[in-house]
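Colleague: I am sharing work.cif, which consists of mmCIF, C-alpha atoms:
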```cif
data_target
#
loop_
_atom_site.group_PDB
_atom_site.id
_atom_site.type_symbol
_atom_site.label_atom_id
_atom_site.label_comp_id
_atom_site.auth_asym_id
_atom_site.auth_seq_id
_atom_site.Cartn_x
_atom_site.Cartn_y
_atom_site.Cartn_z
ATOM 1 C CA MET A 296 36.132 132.369 127.332
ATOM 2 C CA SER A 297 34.889 130.226 130.193
ATOM 3 C CA ASP A 298 37.337 128.115 132.176
ATOM 4 C CA LYS A 299 36.407 124.456 131.717
ATOM 5 C CA ARG A 300 37.406 123.712 135.327
ATOM 6 C CA ILE A 301 34.260 125.563 136.491
ATOM 7 C CA HIS A 302 32.175 122.735 135.030
ATOM 8 C CA SER A 303 34.076 119.932 136.759
ATOM 9 C CA GLY A 304 32.952 117.790 139.655
ATOM 10 C CA ARG A 305 36.012 118.960 141.589
ATOM 11 C CA TRP A 306 34.885 122.601 141.273
ATOM 12 C CA THR A 307 31.306 121.735 142.279
ATOM 13 C CA LYS A 308 32.574 120.006 145.432
ATOM 14 C CA LEU A 309 34.956 122.858 146.293
ATOM 15 C CA ALA A 310 32.309 125.534 145.664
ATOM 16 C CA LYS A 311 29.912 123.760 148.050
ATOM 17 C CA GLU A 312 32.664 123.649 150.677
ATOM 18 C CA ILE A 313 33.313 127.399 150.271
ATOM 19 C CA LEU A 314 29.594 128.227 150.520
ATOM 20 C CA ILE A 315 29.387 126.208 153.741
ATOM 21 C CA ARG A 316 32.615 127.743 155.071
ATOM 22 C CA ASP A 317 31.263 131.238 154.405
ATOM 23 C CA ASN A 318 27.850 130.369 155.867
ATOM 24 C CA TYR A 319 26.134 131.124 152.534
ATOM 25 C CA GLU A 320 26.746 134.821 153.253
ATOM 26 C CA CYS A 321 27.632 137.098 150.352
ATOM 27 C CA GLY A 322 31.164 138.466 150.634
ATOM 28 C CA SER A 323 30.083 141.915 149.463
ATOM 29 C CA ALA A 324 30.113 144.308 152.425
ATOM 30 C CA GLY A 325 26.599 144.958 153.709
ATOM 31 C CA CYS A 326 24.874 142.512 151.373
ATOM 32 C CA GLU A 327 22.198 140.391 153.016
ATOM 33 C CA ARG A 328 21.489 138.136 150.028
ATOM 34 C CA THR A 329 22.221 134.431 150.241
ATOM 35 C CA ALA A 330 25.430 133.433 148.500
ATOM 36 C CA THR A 331 24.793 130.992 145.680
ATOM 37 C CA SER A 332 28.125 131.173 143.861
ATOM 38 C CA VAL A 333 31.835 131.334 144.542
ATOM 39 C CA ASP A 334 34.215 133.954 143.163
ATOM 40 C CA HIS A 335 37.981 134.093 142.772
ATOM 41 C CA ILE A 336 39.411 137.058 144.686
ATOM 42 C CA LYS A 337 42.433 137.145 142.392
ATOM 43 C CA PRO A 338 41.051 136.280 138.946
ATOM 44 C CA SER A 339 41.909 132.819 137.689
ATOM 45 C CA SER A 340 42.585 134.261 134.243
ATOM 46 C CA LYS A 341 45.618 136.120 135.647
ATOM 47 C CA TYR A 342 46.465 133.717 138.480
ATOM 48 C CA PRO A 343 45.702 130.208 137.201
ATOM 49 C CA GLU A 344 47.842 128.706 139.967
ATOM 50 C CA LEU A 345 45.307 130.038 142.519
ATOM 51 C CA PHE A 346 42.261 128.473 140.851
ATOM 52 C CA TRP A 347 41.849 125.766 143.518
ATOM 53 C CA ASP A 348 43.245 127.819 146.439
ATOM 54 C CA GLU A 349 40.539 128.084 149.104
ATOM 55 C CA ASP A 350 42.110 131.296 150.429
ATOM 56 C CA ASN A 351 41.444 132.873 147.027
ATOM 57 C CA LEU A 352 37.743 131.975 147.010
ATOM 58 C CA ILE A 353 34.773 133.792 148.507
ATOM 59 C CA ALA A 354 31.040 133.100 148.568
ATOM 60 C CA MET A 355 28.955 135.600 146.601
ATOM 61 C CA CYS A 356 25.294 136.199 145.819
ATOM 62 C CA GLY A 357 24.437 135.937 142.138
ATOM 63 C CA TYR A 358 23.849 139.687 141.817
ATOM 64 C CA HIS A 359 27.270 140.704 143.133
ATOM 65 C CA ASN A 360 29.138 137.919 141.369
ATOM 66 C CA SER A 361 27.705 138.934 138.002
ATOM 67 C CA SER A 362 27.803 142.732 138.394
ATOM 68 C CA LYS A 363 31.317 143.373 139.630
ATOM 69 C CA GLN A 364 33.975 145.597 138.154
ATOM 70 C CA ASP A 365 37.621 144.872 138.782
ATOM 71 C CA LYS A 366 40.804 146.879 139.160
ATOM 72 C CA GLU A 367 44.257 145.481 139.864
ATOM 73 C CA VAL A 368 46.348 147.281 142.485
ATOM 74 C CA ASN A 369 49.708 145.771 143.440
ATOM 75 C CA ASP A 370 48.540 142.333 142.189
ATOM 76 C CA LEU A 371 45.381 142.578 144.311
ATOM 77 C CA ARG A 372 42.062 142.715 142.531
ATOM 78 C CA LEU A 373 39.755 145.295 144.022
ATOM 79 C CA THR A 374 36.121 144.761 143.148
ATOM 80 C CA TRP A 375 33.285 147.137 143.769
ATOM 81 C CA PHE A 376 29.595 147.483 143.105
ATOM 82 C CA SER A 377 27.266 150.323 144.075
ATOM 83 C CA SER A 378 28.954 150.200 147.481
ATOM 84 C CA ASP A 379 32.413 149.123 148.640
ATOM 85 C CA TRP A 380 33.363 145.524 148.019
ATOM 86 C CA PHE A 381 36.341 145.106 150.295
ATOM 87 C CA THR A 382 36.576 147.149 153.441
ATOM 88 C CA GLU A 383 39.642 149.342 153.778
ATOM 89 C CA ASP A 384 40.903 147.071 156.580
ATOM 90 C CA TYR A 385 40.551 144.006 154.352
ATOM 91 C CA ILE A 386 42.497 145.656 151.549
ATOM 92 C CA LYS A 387 45.295 146.648 153.928
ATOM 93 C CA GLU A 388 45.399 143.110 155.323
ATOM 94 C CA GLN A 389 45.665 141.582 151.836
ATOM 95 C CA MET A 390 48.454 143.942 150.837
ATOM 96 C CA GLN A 391 50.672 142.993 153.812
#
```
Step by step, read the file and then write its structure as structure tokens.

Modeller:
Amino acid sequence: MSDKRIHSGRWTKLAKEILIRDNYECGSAGCERTATSVDHIKPSSKYPELFWDEDNLIAMCGYHNSSKQDKEVNDLRLTWFSSDWFTEDYIKEQMQ
């Protein structure tokens, strides 16, 4: 079920800010596609309190945002595609 907040003006404004912040670069390691969407690092379905948290948002290209698989490890969602999503250093940093 889709979160109705995604269709709000507040989300649209915040998503544009995140895309600008991230330079329209996809957050998937090595991806050179232009980011056109914003993803929650920790899923909003499990962490609704982080829905609006800019530190929990990352710019993504449409391909990687729609084709990810998730796994929770110590309350951190690890996402991967055909290649690594988070670098090992990023994962270690998030777990500190």

Colleague: Please list as a ChimeraX atom specification every residue within 10 Å of Glu349 (chain A), counting only C-alpha atoms and excluding residues in the same chain fewer than 3 positions away.

Modeller: /A:309-310,312-313,316,335,345-346,352-353

Colleague: Suppose you want the space between CA of Ile301 (chain A) and CA of Pro338 (chain A); what is it in Å?

Modeller: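 Pair CA of Ile301 (chain A) / CA of Pro338 (chain A) returns 12.9 Å.
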
Colleague: Here is a test: counting all atoms listed in the file, which residue of A:Tyr319, A:His302, A:Ala324, A:Asn360 is nearest to Ile336 (chain A)?

Modeller: A:Asn360

Colleague: What do you get, as a ChimeraX atom specification, if you spell out every residue that the PyMOL selection byres ((chain A and resi 330) around 7) selects here?

Modeller: /A:314,319-321,328-329,331-332,354-357

Colleague: Calculate how many Å separate CA of His359 (chain A) from CA of Ser323 (chain A), rounding to one decimal.

Modeller: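 So the two atoms, CA of His359 (chain A) and CA of Ser323 (chain A), lie 7.0 Å apart.
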
Colleague: Report the distance between CA of Ser339 (chain A) and CA of Cys326 (chain A) in Å, rounded to one decimal place.

Modeller: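 Computing it gives 23.9 Å between the two atoms.
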
Colleague: Go through A:Tyr342, A:Asp348, A:Val333, A:Gly304 and flag the residue nearest Ser361 (chain A), using all atoms listed in the file for the distances.

Modeller: A:Val333

Colleague: Provide region 313-327 of chain A rebuilt to N, CA, C and O atoms, formatted as a PDB file, in the frame of the given file.

Modeller:
```pdb
ATOM      1  N   ILE A 313      33.107 125.963 150.029  1.00  0.00           N
ATOM      2  CA  ILE A 313      33.313 127.399 150.271  1.00  0.00           C
ATOM      3  C   ILE A 313      32.003 128.036 150.728  1.00  0.00           C
ATOM      4  O   ILE A 313      31.991 128.861 151.653  1.00  0.00           O
ATOM      5  N   LEU A 314      30.895 127.685 150.104  1.00  0.00           N
ATOM      6  CA  LEU A 314      29.594 128.227 150.520  1.00  0.00           C
ATOM      7  C   LEU A 314      29.302 127.867 151.972  1.00  0.00           C
ATOM      8  O   LEU A 314      28.845 128.714 152.752  1.00  0.00           O
ATOM      9  N   ILE A 315      29.590 126.633 152.350  1.00  0.00           N
ATOM     10  CA  ILE A 315      29.387 126.208 153.741  1.00  0.00           C
ATOM     11  C   ILE A 315      30.340 126.955 154.659  1.00  0.00           C
ATOM     12  O   ILE A 315      29.943 127.476 155.703  1.00  0.00           O
ATOM     13  N   ARG A 316      31.618 127.033 154.261  1.00  0.00           N
ATOM     14  CA  ARG A 316      32.615 127.743 155.071  1.00  0.00           C
ATOM     15  C   ARG A 316      32.189 129.183 155.340  1.00  0.00           C
ATOM     16  O   ARG A 316      32.325 129.694 156.445  1.00  0.00           O
ATOM     17  N   ASP A 317      31.648 129.835 154.291  1.00  0.00           N
ATOM     18  CA  ASP A 317      31.263 131.238 154.405  1.00  0.00           C
ATOM     19  C   ASP A 317      29.815 131.411 154.859  1.00  0.00           C
ATOM     20  O   ASP A 317      29.284 132.521 154.816  1.00  0.00           O
ATOM     21  N   ASN A 318      29.198 130.312 155.291  1.00  0.00           N
ATOM     22  CA  ASN A 318      27.850 130.369 155.867  1.00  0.00           C
ATOM     23  C   ASN A 318      26.802 130.867 154.872  1.00  0.00           C
ATOM     24  O   ASN A 318      25.821 131.479 155.279  1.00  0.00           O
ATOM     25  N   TYR A 319      27.038 130.665 153.597  1.00  0.00           N
ATOM     26  CA  TYR A 319      26.134 131.124 152.534  1.00  0.00           C
ATOM     27  C   TYR A 319      25.879 132.627 152.606  1.00  0.00           C
ATOM     28  O   TYR A 319      24.849 133.110 152.183  1.00  0.00           O
ATOM     29  N   GLU A 320      26.853 133.362 153.150  1.00  0.00           N
ATOM     30  CA  GLU A 320      26.746 134.821 153.253  1.00  0.00           C
ATOM     31  C   GLU A 320      27.559 135.455 152.131  1.00  0.00           C
ATOM     32  O   GLU A 320      28.725 135.105 151.925  1.00  0.00           O
ATOM     33  N   CYS A 321      26.951 136.402 151.437  1.00  0.00           N
ATOM     34  CA  CYS A 321      27.632 137.098 150.352  1.00  0.00           C
ATOM     35  C   CYS A 321      28.820 137.879 150.908  1.00  0.00           C
ATOM     36  O   CYS A 321      28.714 138.547 151.930  1.00  0.00           O
ATOM     37  N   GLY A 322      29.949 137.783 150.205  1.00  0.00           N
ATOM     38  CA  GLY A 322      31.164 138.466 150.634  1.00  0.00           C
ATOM     39  C   GLY A 322      31.178 139.958 150.366  1.00  0.00           C
ATOM     40  O   GLY A 322      32.116 140.645 150.747  1.00  0.00           O
ATOM     41  N   SER A 323      30.149 140.483 149.707  1.00  0.00           N
ATOM     42  CA  SER A 323      30.083 141.915 149.463  1.00  0.00           C
ATOM     43  C   SER A 323      29.623 142.619 150.738  1.00  0.00           C
ATOM     44  O   SER A 323      28.599 142.277 151.309  1.00  0.00           O
ATOM     45  N   ALA A 324      30.400 143.605 151.171  1.00  0.00           N
ATOM     46  CA  ALA A 324      30.113 144.308 152.425  1.00  0.00           C
ATOM     47  C   ALA A 324      28.683 144.831 152.454  1.00  0.00           C
ATOM     48  O   ALA A 324      28.236 145.510 151.536  1.00  0.00           O
ATOM     49  N   GLY A 325      27.952 144.460 153.501  1.00  0.00           N
ATOM     50  CA  GLY A 325      26.599 144.958 153.709  1.00  0.00           C
ATOM     51  C   GLY A 325      25.510 144.198 152.973  1.00  0.00           C
ATOM     52  O   GLY A 325      24.333 144.447 153.176  1.00  0.00           O
ATOM     53  N   CYS A 326      25.874 143.257 152.129  1.00  0.00           N
ATOM     54  CA  CYS A 326      24.874 142.512 151.373  1.00  0.00           C
ATOM     55  C   CYS A 326      24.227 141.463 152.273  1.00  0.00           C
ATOM     56  O   CYS A 326      24.912 140.768 153.022  1.00  0.00           O
ATOM     57  N   GLU A 327      22.924 141.367 152.206  1.00  0.00           N
ATOM     58  CA  GLU A 327      22.198 140.391 153.016  1.00  0.00           C
ATOM     59  C   GLU A 327      21.616 139.267 152.174  1.00  0.00           C
ATOM     60  O   GLU A 327      20.870 138.433 152.677  1.00  0.00           O
TER      61      GLU A 327
END
```
